[in-house]
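Asker: Hey, dropping work.cif in here, mmCIF, N, CA and C atoms:
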data_coords
#
loop_
_atom_site.label_atom_id
_atom_site.label_comp_id
_atom_site.auth_asym_id
_atom_site.auth_seq_id
_atom_site.Cartn_x
_atom_site.Cartn_y
_atom_site.Cartn_z
N MET Z 38 86.86 104.08 73.23
CA MET Z 38 85.52 103.58 73.45
C MET Z 38 84.54 104.60 72.90
N PRO Z 39 83.72 104.23 71.93
CA PRO Z 39 82.80 105.18 71.33
C PRO Z 39 81.63 105.48 72.27
N ALA Z 40 81.08 106.68 72.10
CA ALA Z 40 79.92 107.08 72.90
C ALA Z 40 78.69 106.32 72.43
N PRO Z 41 77.86 105.87 73.36
CA PRO Z 41 76.65 105.16 72.95
C PRO Z 41 75.67 106.12 72.28
N ALA Z 42 74.88 105.58 71.36
CA ALA Z 42 73.90 106.39 70.65
C ALA Z 42 72.75 106.69 71.60
N GLY Z 43 72.09 107.82 71.39
CA GLY Z 43 70.96 108.14 72.24
C GLY Z 43 70.65 109.61 72.27
N GLY Z 44 71.22 110.37 71.41
CA GLY Z 44 70.90 111.78 71.34
C GLY Z 44 71.86 112.64 72.14
N PRO Z 45 71.69 113.96 72.03
CA PRO Z 45 72.62 114.89 72.67
C PRO Z 45 72.60 114.83 74.20
N GLN Z 46 71.42 114.62 74.80
CA GLN Z 46 71.37 114.55 76.27
C GLN Z 46 72.13 113.34 76.78
N HIS Z 47 71.96 112.24 76.10
CA HIS Z 47 72.65 111.01 76.50
C HIS Z 47 74.15 111.16 76.31
N ASP Z 48 74.53 111.83 75.22
CA ASP Z 48 75.95 112.06 74.94
C ASP Z 48 76.58 112.96 76.01
N ASN Z 49 75.86 113.99 76.42
CA ASN Z 49 76.37 114.88 77.47
C ASN Z 49 76.50 114.14 78.79
N ALA Z 50 75.55 113.31 79.11
CA ALA Z 50 75.61 112.52 80.35
C ALA Z 50 76.80 111.56 80.30
N TRP Z 51 77.04 110.99 79.14
CA TRP Z 51 78.17 110.06 79.00
C TRP Z 51 79.48 110.80 79.20
N ARG Z 52 79.60 112.01 78.62
CA ARG Z 52 80.81 112.80 78.79
C ARG Z 52 81.00 113.22 80.25
N ALA Z 53 79.93 113.61 80.90
CA ALA Z 53 80.01 114.00 82.32
C ALA Z 53 80.45 112.82 83.17
N ALA Z 54 79.95 111.65 82.87
CA ALA Z 54 80.34 110.46 83.62
C ALA Z 54 81.83 110.15 83.42
N ARG Z 55 82.30 110.31 82.20
CA ARG Z 55 83.74 110.08 81.94
C ARG Z 55 84.60 111.10 82.67
N ARG Z 56 84.16 112.37 82.67
CA ARG Z 56 84.89 113.41 83.40
C ARG Z 56 84.94 113.09 84.89
N ALA Z 57 83.82 112.62 85.42
CA ALA Z 57 83.76 112.28 86.85
C ALA Z 57 84.72 111.14 87.18
N VAL Z 58 84.77 110.14 86.33
CA VAL Z 58 85.67 109.01 86.56
C VAL Z 58 87.13 109.47 86.49
N HIS Z 59 87.45 110.30 85.53
CA HIS Z 59 88.83 110.81 85.41
C HIS Z 59 89.20 111.67 86.62
N ALA Z 60 88.27 112.50 87.08
CA ALA Z 60 88.54 113.33 88.26
C ALA Z 60 88.74 112.47 89.49
N LEU Z 61 87.94 111.44 89.65
CA LEU Z 61 88.07 110.55 90.80
C LEU Z 61 89.42 109.82 90.76
N ARG Z 62 89.82 109.38 89.60
CA ARG Z 62 91.13 108.71 89.47
C ARG Z 62 92.27 109.68 89.76
N ALA Z 63 92.16 110.90 89.30
CA ALA Z 63 93.21 111.90 89.56
C ALA Z 63 93.29 112.19 91.06
N ALA Z 64 92.14 112.30 91.72
CA ALA Z 64 92.13 112.51 93.17
C ALA Z 64 92.78 111.32 93.87
N ALA Z 65 92.49 110.12 93.39
CA ALA Z 65 93.07 108.91 93.99
C ALA Z 65 94.59 108.88 93.81
N VAL Z 66 95.07 109.34 92.68
CA VAL Z 66 96.52 109.38 92.46
C VAL Z 66 97.17 110.37 93.43
N LEU Z 67 96.57 111.54 93.60
CA LEU Z 67 97.11 112.52 94.55
C LEU Z 67 97.07 111.98 95.98
N LEU Z 68 95.98 111.33 96.34
CA LEU Z 68 95.87 110.77 97.69
C LEU Z 68 96.87 109.65 97.91
N ALA Z 69 97.06 108.80 96.91
CA ALA Z 69 98.04 107.72 97.04
C ALA Z 69 99.45 108.28 97.17
N ALA Z 70 99.75 109.33 96.42
CA ALA Z 70 101.07 109.97 96.53
C ALA Z 70 101.25 110.58 97.91
N GLU Z 71 100.20 111.19 98.43
CA GLU Z 71 100.24 111.76 99.77
C GLU Z 71 100.50 110.66 100.81
N GLY Z 72 99.81 109.53 100.65
CA GLY Z 72 100.02 108.41 101.56
C GLY Z 72 101.42 107.84 101.47
N LEU Z 73 101.94 107.73 100.26
CA LEU Z 73 103.30 107.23 100.07
C LEU Z 73 104.31 108.16 100.72
N LEU Z 74 104.10 109.46 100.55
CA LEU Z 74 104.99 110.43 101.17
C LEU Z 74 104.97 110.31 102.69
N LEU Z 75 103.79 110.12 103.25
CA LEU Z 75 103.68 109.96 104.71
C LEU Z 75 104.41 108.70 105.18
N VAL Z 76 104.26 107.60 104.45
CA VAL Z 76 104.94 106.36 104.83
C VAL Z 76 106.45 106.55 104.75
N CYS Z 77 106.92 107.15 103.67
CA CYS Z 77 108.37 107.38 103.53
C CYS Z 77 108.89 108.31 104.62
N LEU Z 78 108.14 109.37 104.91
CA LEU Z 78 108.54 110.28 105.97
C LEU Z 78 108.58 109.55 107.32
N GLY Z 79 107.60 108.70 107.57
CA GLY Z 79 107.57 107.94 108.81
C GLY Z 79 108.75 107.01 108.95
N VAL Z 80 109.08 106.30 107.88
CA VAL Z 80 110.24 105.40 107.91
C VAL Z 80 111.51 106.22 108.14
N PHE Z 81 111.62 107.36 107.49
CA PHE Z 81 112.77 108.23 107.68
C PHE Z 81 112.89 108.66 109.14
N LEU Z 82 111.76 109.06 109.74
CA LEU Z 82 111.79 109.49 111.13
C LEU Z 82 112.16 108.36 112.08
N VAL Z 83 111.66 107.16 111.80
CA VAL Z 83 111.99 106.01 112.65
C VAL Z 83 113.48 105.72 112.56
N VAL Z 84 114.03 105.69 111.36
CA VAL Z 84 115.45 105.41 111.18
C VAL Z 84 116.29 106.52 111.81
N ARG Z 85 115.90 107.76 111.59
CA ARG Z 85 116.63 108.89 112.14
C ARG Z 85 116.55 108.92 113.68
N GLY Z 86 115.48 108.37 114.21
CA GLY Z 86 115.31 108.33 115.66
C GLY Z 86 116.37 107.50 116.36
N PHE Z 87 116.99 106.58 115.66
CA PHE Z 87 118.05 105.76 116.24
C PHE Z 87 119.41 106.45 116.19
N GLY Z 88 119.47 107.61 115.58
CA GLY Z 88 120.74 108.34 115.45
C GLY Z 88 121.22 108.89 116.78
N ALA Z 89 122.48 109.19 116.84
CA ALA Z 89 123.09 109.69 118.07
C ALA Z 89 122.66 111.12 118.39
N ASP Z 90 122.24 111.88 117.37
CA ASP Z 90 121.87 113.27 117.60
C ASP Z 90 120.40 113.45 118.01
N THR Z 91 119.67 112.36 118.26
CA THR Z 91 118.27 112.43 118.64
C THR Z 91 118.15 112.71 120.14
N ASP Z 92 117.47 113.81 120.48
CA ASP Z 92 117.29 114.17 121.89
C ASP Z 92 116.26 113.28 122.58
N ASP Z 93 115.12 113.06 121.92
CA ASP Z 93 114.05 112.27 122.50
C ASP Z 93 113.72 111.12 121.55
N ARG Z 94 114.34 109.98 121.78
CA ARG Z 94 114.20 108.83 120.89
C ARG Z 94 112.75 108.34 120.84
N GLY Z 95 112.09 108.30 121.97
CA GLY Z 95 110.70 107.84 122.00
C GLY Z 95 109.78 108.71 121.18
N ARG Z 96 109.96 110.00 121.29
CA ARG Z 96 109.14 110.94 120.53
C ARG Z 96 109.39 110.80 119.04
N ALA Z 97 110.64 110.64 118.64
CA ALA Z 97 110.98 110.48 117.23
C ALA Z 97 110.38 109.18 116.68
N GLU Z 98 110.49 108.11 117.44
CA GLU Z 98 109.94 106.82 116.99
C GLU Z 98 108.42 106.86 116.91
N LEU Z 99 107.80 107.47 117.91
CA LEU Z 99 106.35 107.56 117.91
C LEU Z 99 105.85 108.43 116.76
N GLY Z 100 106.54 109.54 116.48
CA GLY Z 100 106.17 110.38 115.35
C GLY Z 100 106.30 109.65 114.03
N GLY Z 101 107.37 108.88 113.88
CA GLY Z 101 107.56 108.10 112.66
C GLY Z 101 106.50 107.03 112.51
N LEU Z 102 106.19 106.35 113.60
CA LEU Z 102 105.16 105.31 113.56
C LEU Z 102 103.80 105.92 113.22
N PHE Z 103 103.51 107.08 113.80
CA PHE Z 103 102.25 107.76 113.51
C PHE Z 103 102.17 108.12 112.03
N ALA Z 104 103.25 108.60 111.45
CA ALA Z 104 103.25 108.97 110.03
C ALA Z 104 103.03 107.74 109.15
N VAL Z 105 103.65 106.62 109.49
CA VAL Z 105 103.46 105.39 108.71
C VAL Z 105 102.00 104.94 108.79
N VAL Z 106 101.44 104.93 109.99
CA VAL Z 106 100.04 104.52 110.15
C VAL Z 106 99.11 105.47 109.39
N ALA Z 107 99.38 106.78 109.48
CA ALA Z 107 98.55 107.75 108.76
C ALA Z 107 98.62 107.54 107.25
N GLY Z 108 99.81 107.22 106.74
CA GLY Z 108 99.94 106.95 105.31
C GLY Z 108 99.16 105.73 104.88
N VAL Z 109 99.22 104.67 105.69
CA VAL Z 109 98.48 103.44 105.36
C VAL Z 109 96.98 103.70 105.43
N VAL Z 110 96.53 104.44 106.43
CA VAL Z 110 95.10 104.79 106.54
C VAL Z 110 94.67 105.62 105.33
N LEU Z 111 95.52 106.53 104.89
CA LEU Z 111 95.20 107.34 103.72
C LEU Z 111 95.06 106.46 102.48
N TRP Z 112 95.92 105.45 102.34
CA TRP Z 112 95.78 104.51 101.22
C TRP Z 112 94.45 103.76 101.30
N LEU Z 113 94.10 103.30 102.49
CA LEU Z 113 92.83 102.58 102.65
C LEU Z 113 91.64 103.47 102.32
N LEU Z 114 91.70 104.71 102.75
CA LEU Z 114 90.62 105.65 102.43
C LEU Z 114 90.57 105.93 100.93
N THR Z 115 91.73 105.94 100.28
CA THR Z 115 91.76 106.15 98.83
C THR Z 115 91.05 105.01 98.11
N TRP Z 116 91.34 103.78 98.54
CA TRP Z 116 90.67 102.63 97.92
C TRP Z 116 89.17 102.67 98.19
N ALA Z 117 88.78 103.08 99.38
CA ALA Z 117 87.36 103.18 99.70
C ALA Z 117 86.69 104.26 98.86
N LEU Z 118 87.39 105.36 98.62
CA LEU Z 118 86.84 106.42 97.76
C LEU Z 118 86.65 105.91 96.34
N LEU Z 119 87.63 105.18 95.83
CA LEU Z 119 87.50 104.61 94.49
C LEU Z 119 86.34 103.63 94.39
N ALA Z 120 86.06 102.94 95.50
CA ALA Z 120 84.93 102.00 95.54
C ALA Z 120 83.61 102.72 95.83
N ARG Z 121 83.67 104.06 95.93
CA ARG Z 121 82.51 104.89 96.18
C ARG Z 121 81.84 104.59 97.51
N ARG Z 122 82.63 104.33 98.52
CA ARG Z 122 82.11 104.13 99.87
C ARG Z 122 81.86 105.49 100.49
N GLN Z 123 80.63 105.73 100.92
CA GLN Z 123 80.27 107.04 101.46
C GLN Z 123 81.05 107.37 102.73
N TRP Z 124 81.34 106.40 103.55
CA TRP Z 124 82.02 106.65 104.82
C TRP Z 124 83.43 107.17 104.63
N ALA Z 125 84.02 107.00 103.46
CA ALA Z 125 85.40 107.43 103.24
C ALA Z 125 85.51 108.92 102.95
N ARG Z 126 84.42 109.54 102.57
CA ARG Z 126 84.49 110.94 102.15
C ARG Z 126 84.84 111.87 103.31
N SER Z 127 84.16 111.71 104.42
CA SER Z 127 84.37 112.64 105.55
C SER Z 127 85.80 112.62 106.07
N PRO Z 128 86.38 111.43 106.36
CA PRO Z 128 87.77 111.46 106.84
C PRO Z 128 88.74 112.05 105.83
N LEU Z 129 88.51 111.79 104.55
CA LEU Z 129 89.40 112.35 103.53
C LEU Z 129 89.30 113.87 103.49
N VAL Z 130 88.10 114.39 103.58
CA VAL Z 130 87.92 115.84 103.57
C VAL Z 130 88.56 116.45 104.81
N VAL Z 131 88.37 115.82 105.98
CA VAL Z 131 88.95 116.34 107.21
C VAL Z 131 90.48 116.37 107.12
N VAL Z 132 91.07 115.29 106.63
CA VAL Z 132 92.53 115.22 106.51
C VAL Z 132 93.03 116.32 105.58
N GLN Z 133 92.35 116.52 104.47
CA GLN Z 133 92.79 117.53 103.52
C GLN Z 133 92.65 118.93 104.11
N ILE Z 134 91.57 119.17 104.83
CA ILE Z 134 91.37 120.48 105.46
C ILE Z 134 92.42 120.72 106.55
N LEU Z 135 92.81 119.67 107.27
CA LEU Z 135 93.82 119.83 108.32
C LEU Z 135 95.20 120.15 107.75
N CYS Z 136 95.41 119.83 106.50
CA CYS Z 136 96.70 120.16 105.86
C CYS Z 136 96.85 121.66 105.64
N ILE Z 137 95.76 122.37 105.48
CA ILE Z 137 95.81 123.79 105.13
C ILE Z 137 96.48 124.63 106.22
N PRO Z 138 96.09 124.52 107.51
CA PRO Z 138 96.79 125.33 108.52
C PRO Z 138 98.27 124.99 108.65
N VAL Z 139 98.61 123.72 108.47
CA VAL Z 139 100.02 123.33 108.50
C VAL Z 139 100.76 124.00 107.36
N ALA Z 140 100.15 124.01 106.19
CA ALA Z 140 100.77 124.64 105.02
C ALA Z 140 100.92 126.14 105.23
N VAL Z 141 99.92 126.77 105.81
CA VAL Z 141 100.00 128.21 106.07
C VAL Z 141 101.15 128.51 107.02
N GLY Z 142 101.30 127.68 108.05
CA GLY Z 142 102.42 127.86 108.98
C GLY Z 142 103.76 127.72 108.28
N LEU Z 143 103.86 126.74 107.39
CA LEU Z 143 105.11 126.57 106.64
C LEU Z 143 105.37 127.77 105.73
N LEU Z 144 104.33 128.27 105.08
CA LEU Z 144 104.50 129.43 104.20
C LEU Z 144 104.89 130.67 104.99
N GLN Z 145 104.31 130.83 106.18
CA GLN Z 145 104.67 131.98 107.02
C GLN Z 145 106.11 131.89 107.51
N ALA Z 146 106.62 130.66 107.62
CA ALA Z 146 108.02 130.46 108.03
C ALA Z 146 108.96 130.48 106.82
N HIS Z 147 108.43 130.89 105.65
CA HIS Z 147 109.20 130.98 104.41
C HIS Z 147 109.75 129.62 103.97
N ARG Z 148 109.02 128.57 104.26
CA ARG Z 148 109.40 127.22 103.81
C ARG Z 148 108.48 126.87 102.63
N TYR Z 149 108.72 127.55 101.52
CA TYR Z 149 107.85 127.43 100.36
C TYR Z 149 107.91 126.06 99.71
N GLY Z 150 109.04 125.40 99.77
CA GLY Z 150 109.18 124.07 99.17
C GLY Z 150 108.24 123.06 99.78
N GLU Z 151 107.96 123.19 101.07
CA GLU Z 151 107.01 122.29 101.72
C GLU Z 151 105.61 122.87 101.73
N GLY Z 152 105.48 124.19 101.90
CA GLY Z 152 104.18 124.82 102.06
C GLY Z 152 103.33 124.84 100.81
N ILE Z 153 103.93 125.14 99.67
CA ILE Z 153 103.15 125.23 98.43
C ILE Z 153 102.54 123.88 98.05
N PRO Z 154 103.32 122.79 98.05
CA PRO Z 154 102.67 121.50 97.74
C PRO Z 154 101.62 121.12 98.77
N LEU Z 155 101.84 121.50 100.02
CA LEU Z 155 100.89 121.15 101.07
C LEU Z 155 99.60 121.96 100.97
N VAL Z 156 99.61 123.03 100.22
CA VAL Z 156 98.38 123.75 99.91
C VAL Z 156 97.78 123.21 98.62
N ALA Z 157 98.62 123.03 97.61
CA ALA Z 157 98.13 122.65 96.28
C ALA Z 157 97.49 121.26 96.26
N VAL Z 158 98.12 120.29 96.90
CA VAL Z 158 97.60 118.92 96.84
C VAL Z 158 96.24 118.80 97.53
N PRO Z 159 96.08 119.26 98.78
CA PRO Z 159 94.75 119.13 99.40
C PRO Z 159 93.66 119.90 98.66
N VAL Z 160 93.97 121.11 98.19
CA VAL Z 160 92.97 121.86 97.43
C VAL Z 160 92.63 121.10 96.15
N GLY Z 161 93.65 120.58 95.47
CA GLY Z 161 93.40 119.78 94.26
C GLY Z 161 92.57 118.56 94.54
N VAL Z 162 92.86 117.86 95.63
CA VAL Z 162 92.09 116.66 95.98
C VAL Z 162 90.64 117.04 96.24
N LEU Z 163 90.41 118.09 97.02
CA LEU Z 163 89.04 118.50 97.33
C LEU Z 163 88.27 118.89 96.07
N VAL Z 164 88.93 119.64 95.18
CA VAL Z 164 88.27 120.03 93.93
C VAL Z 164 87.97 118.81 93.07
N LEU Z 165 88.94 117.91 92.94
CA LEU Z 165 88.73 116.72 92.11
C LEU Z 165 87.65 115.80 92.67
N ILE Z 166 87.61 115.68 93.99
CA ILE Z 166 86.54 114.86 94.59
C ILE Z 166 85.19 115.52 94.32
N GLY Z 167 85.15 116.84 94.39
CA GLY Z 167 83.90 117.55 94.09
C GLY Z 167 83.48 117.39 92.64
N VAL Z 168 84.44 117.52 91.72
CA VAL Z 168 84.14 117.37 90.30
C VAL Z 168 83.69 115.95 89.98
N SER Z 169 84.25 114.98 90.70
CA SER Z 169 83.90 113.59 90.44
C SER Z 169 82.51 113.24 90.92
N GLY Z 170 81.93 114.10 91.73
CA GLY Z 170 80.59 113.81 92.24
C GLY Z 170 80.61 112.92 93.46
N ALA Z 171 81.76 112.72 94.05
CA ALA Z 171 81.86 111.83 95.20
C ALA Z 171 81.18 112.42 96.42
N TYR Z 172 80.84 113.71 96.40
CA TYR Z 172 80.12 114.30 97.53
C TYR Z 172 78.62 114.02 97.44
N ARG Z 173 78.16 113.63 96.25
CA ARG Z 173 76.75 113.32 96.09
C ARG Z 173 76.46 111.94 96.64
N PRO Z 174 75.24 111.72 97.13
CA PRO Z 174 74.89 110.38 97.61
C PRO Z 174 74.95 109.37 96.47
N HIS Z 175 75.30 108.16 96.81
CA HIS Z 175 75.39 107.09 95.82
C HIS Z 175 73.99 106.73 95.33
N GLN Z 176 73.84 106.58 94.03
CA GLN Z 176 72.59 106.17 93.45
C GLN Z 176 72.68 104.70 93.09
N PRO Z 177 71.84 103.85 93.69
CA PRO Z 177 71.89 102.43 93.35
C PRO Z 177 71.61 102.20 91.88
N THR Z 178 72.30 101.25 91.29
CA THR Z 178 72.13 100.97 89.87
C THR Z 178 71.16 99.83 89.62
N GLY Z 179 70.78 99.11 90.63
CA GLY Z 179 69.88 98.01 90.44
C GLY Z 179 69.62 97.26 91.74
N PRO Z 180 68.83 96.20 91.66
CA PRO Z 180 68.46 95.48 92.88
C PRO Z 180 69.65 94.83 93.58
N GLY Z 181 70.69 94.49 92.87
CA GLY Z 181 71.84 93.81 93.46
C GLY Z 181 72.90 94.75 94.00
N ASP Z 182 72.70 96.08 93.83
CA ASP Z 182 73.70 97.06 94.25
C ASP Z 182 73.57 97.30 95.74
N SER Z 183 74.58 96.88 96.49
CA SER Z 183 74.54 97.06 97.94
C SER Z 183 75.69 97.94 98.42
N SER Z 184 76.39 98.62 97.49
CA SER Z 184 77.51 99.47 97.90
C SER Z 184 76.97 100.75 98.48
N GLY Z 185 77.82 101.40 99.30
CA GLY Z 185 77.44 102.69 99.81
C GLY Z 185 77.80 102.85 101.18
#
So, in terms of structure tokens, how does the structure I just supplied come out?
Answerer:
Amino acid sequence: MPAPAGGPQHDNAWRAARRAVHALRAAAVLLAAEGLLLVCLGVFLVVRGFGADTDDRGRAELGGLFAVVAGVVLWLLTWALLARRQWARSPLVVVQILCIPVAVGLLQAHRYGEGIPLVAVPVGVLVLIGVSGAYRPHQPTGPGDSSG
């Protein structure tokens, strides 16, 4: 898609807008992967909860169910972020920030395989959301624009 004519300022604005869209899509991909991982982990915990070696079946099932619900909520928030819904930003930021202490605990326990991705993905999501401009208030594009 060629850049519209309009001088260097217009060209720079067009490039910045494209960068923002790419950053938002990349953040959405990371968030969707995070949600998928949570759903898979939840299903695994539910199935494993029926095993003979489970000490507390209720706790295992509840933990699995919680992970599945959290993954689905993360997917919904991802779609809301892509639709530029302002209300989706805060819960996404909170979830990503809550991942950091968990990751630090994993790293301190020398569980680098889980800890490093759990640091990298939330930091990446937060940076990409910031680069995309999703932290800025939505600017209406016209009289019919009611999103936000």
Asker: Leaving out Gly108 in chain Z and any residue of its chain fewer than 3 positions from it, which residues lie within 7 Å of it when counting only C-alpha atoms, given as an NGL selection string?
Answerer: :Z and (72-73 or 75-76 or 104-105 or 111-112)
Asker: Keeping only N, CA and C atoms, write the selected residues as a short mmCIF file (atom, residue, chain, number, x, y, z; two decimals), in the frame of the given file.
Answerer:
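The new file selection_20.cif reads:
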data_model
loop_
_atom_site.label_atom_id
_atom_site.label_comp_id
_atom_site.auth_asym_id
_atom_site.auth_seq_id
_atom_site.Cartn_x
_atom_site.Cartn_y
_atom_site.Cartn_z
N GLY Z 72 99.81 109.53 100.65
CA GLY Z 72 100.02 108.41 101.56
C GLY Z 72 101.42 107.84 101.47
N LEU Z 73 101.94 107.73 100.26
CA LEU Z 73 103.30 107.23 100.07
C LEU Z 73 104.31 108.16 100.72
N LEU Z 75 103.79 110.12 103.25
CA LEU Z 75 103.68 109.96 104.71
C LEU Z 75 104.41 108.70 105.18
N VAL Z 76 104.26 107.60 104.45
CA VAL Z 76 104.94 106.36 104.83
C VAL Z 76 106.45 106.55 104.75
N ALA Z 104 103.25 108.60 111.45
CA ALA Z 104 103.25 108.97 110.03
C ALA Z 104 103.03 107.74 109.15
N VAL Z 105 103.65 106.62 109.49
CA VAL Z 105 103.46 105.39 108.71
C VAL Z 105 102.00 104.94 108.79
N LEU Z 111 95.52 106.53 104.89
CA LEU Z 111 95.20 107.34 103.72
C LEU Z 111 95.06 106.46 102.48
N TRP Z 112 95.92 105.45 102.34
CA TRP Z 112 95.78 104.51 101.22
C TRP Z 112 94.45 103.76 101.30
#
Asker: Box for range 64-71 of chain Z: with edges along x, y and z, all listed atoms inside and 4 Å added on each side, what are the centre and edge lengths in Å to one decimal, as AutoDock Vina command-line options?
Answerer:
--center_x 96.7 --center_y 110.1 --center_z 96.3 --size_x 17.1 --size_y 12.8 --size_z 17.1
Asker: I'd like to see the residues matched by the PyMOL selection byres ((chain Z and resi 152-159) around 6.5) on this file, and ideally I'd get them as a PyMOL selection string.
Answerer: chain Z and resi 133-134+136-137+139-141+143-144+148-151+160-164
Asker: List as a PDB file with N, CA and C atoms, in the coordinates of the input the protein and nucleic acid residues near Thr115 in chain Z, meaning an atom at most 6.5 Å away when all atoms listed in the file are counted, but skip any in the same chain fewer than 6 places from it.
Answerer:
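Once written, selection-v1.pdb looks like this:
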ATOM      1  N   ALA Z  65      92.490 110.120  93.390  1.00  0.00           N
ATOM      2  CA  ALA Z  65      93.070 108.910  93.990  1.00  0.00           C
ATOM      3  C   ALA Z  65      94.590 108.880  93.810  1.00  0.00           C
ATOM      4  N   LEU Z  68      95.980 111.330  96.340  1.00  0.00           N
ATOM      5  CA  LEU Z  68      95.870 110.770  97.690  1.00  0.00           C
ATOM      6  C   LEU Z  68      96.870 109.650  97.910  1.00  0.00           C
ATOM      7  N   ALA Z  69      97.060 108.800  96.910  1.00  0.00           N
ATOM      8  CA  ALA Z  69      98.040 107.720  97.040  1.00  0.00           C
ATOM      9  C   ALA Z  69      99.450 108.280  97.170  1.00  0.00           C
TER      10      ALA Z  69
END
Asker: Could you state the separation of CA of Gly86 in chain Z and atom C of Glu98 in chain Z in Å, given to one decimal place?
Answerer: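 Result for CA of Gly86 in chain Z versus atom C of Glu98 in chain Z: 7.2 Å, one decimal.
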Asker: Please indicate the distance in Å from atom C of Ile166 in chain Z to CA of Ala60 in chain Z, rounded to one decimal place.
Answerer: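 Separating atom C of Ile166 in chain Z from CA of Ala60 in chain Z is a distance of 7.3 Å.
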Asker: What residues in range 76-184 of chain Z get the DSSP label alpha helix (DSSP H)? Please answer as a PyMOL selection string.
Answerer: chain Z and resi 76-86+94-119+126-145+149-169
Asker: Rounded to one decimal place, report the CA of Asp48 in chain Z-CA of Leu118 in chain Z distance in Å.
Answerer: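 Computing the Euclidean distance for CA of Asp48 in chain Z and CA of Leu118 in chain Z yields 25.9 Å.
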Asker: List every protein, DNA or RNA residue with an atom no more than 8 Å from (85.7, 115.8, 86.8) in the file's coordinates, counting all atoms listed in the file, and format the result as a ChimeraX atom specification.
Answerer: /Z:53-61,164-170
Asker: Which residues match the PyMOL selection byres (((chain Z and resi 103 and name CA) around 12) and name CA) in the file above, as a PyMOL selection string?
Answerer: chain Z and resi 75-80+82-83+95-102+104-110
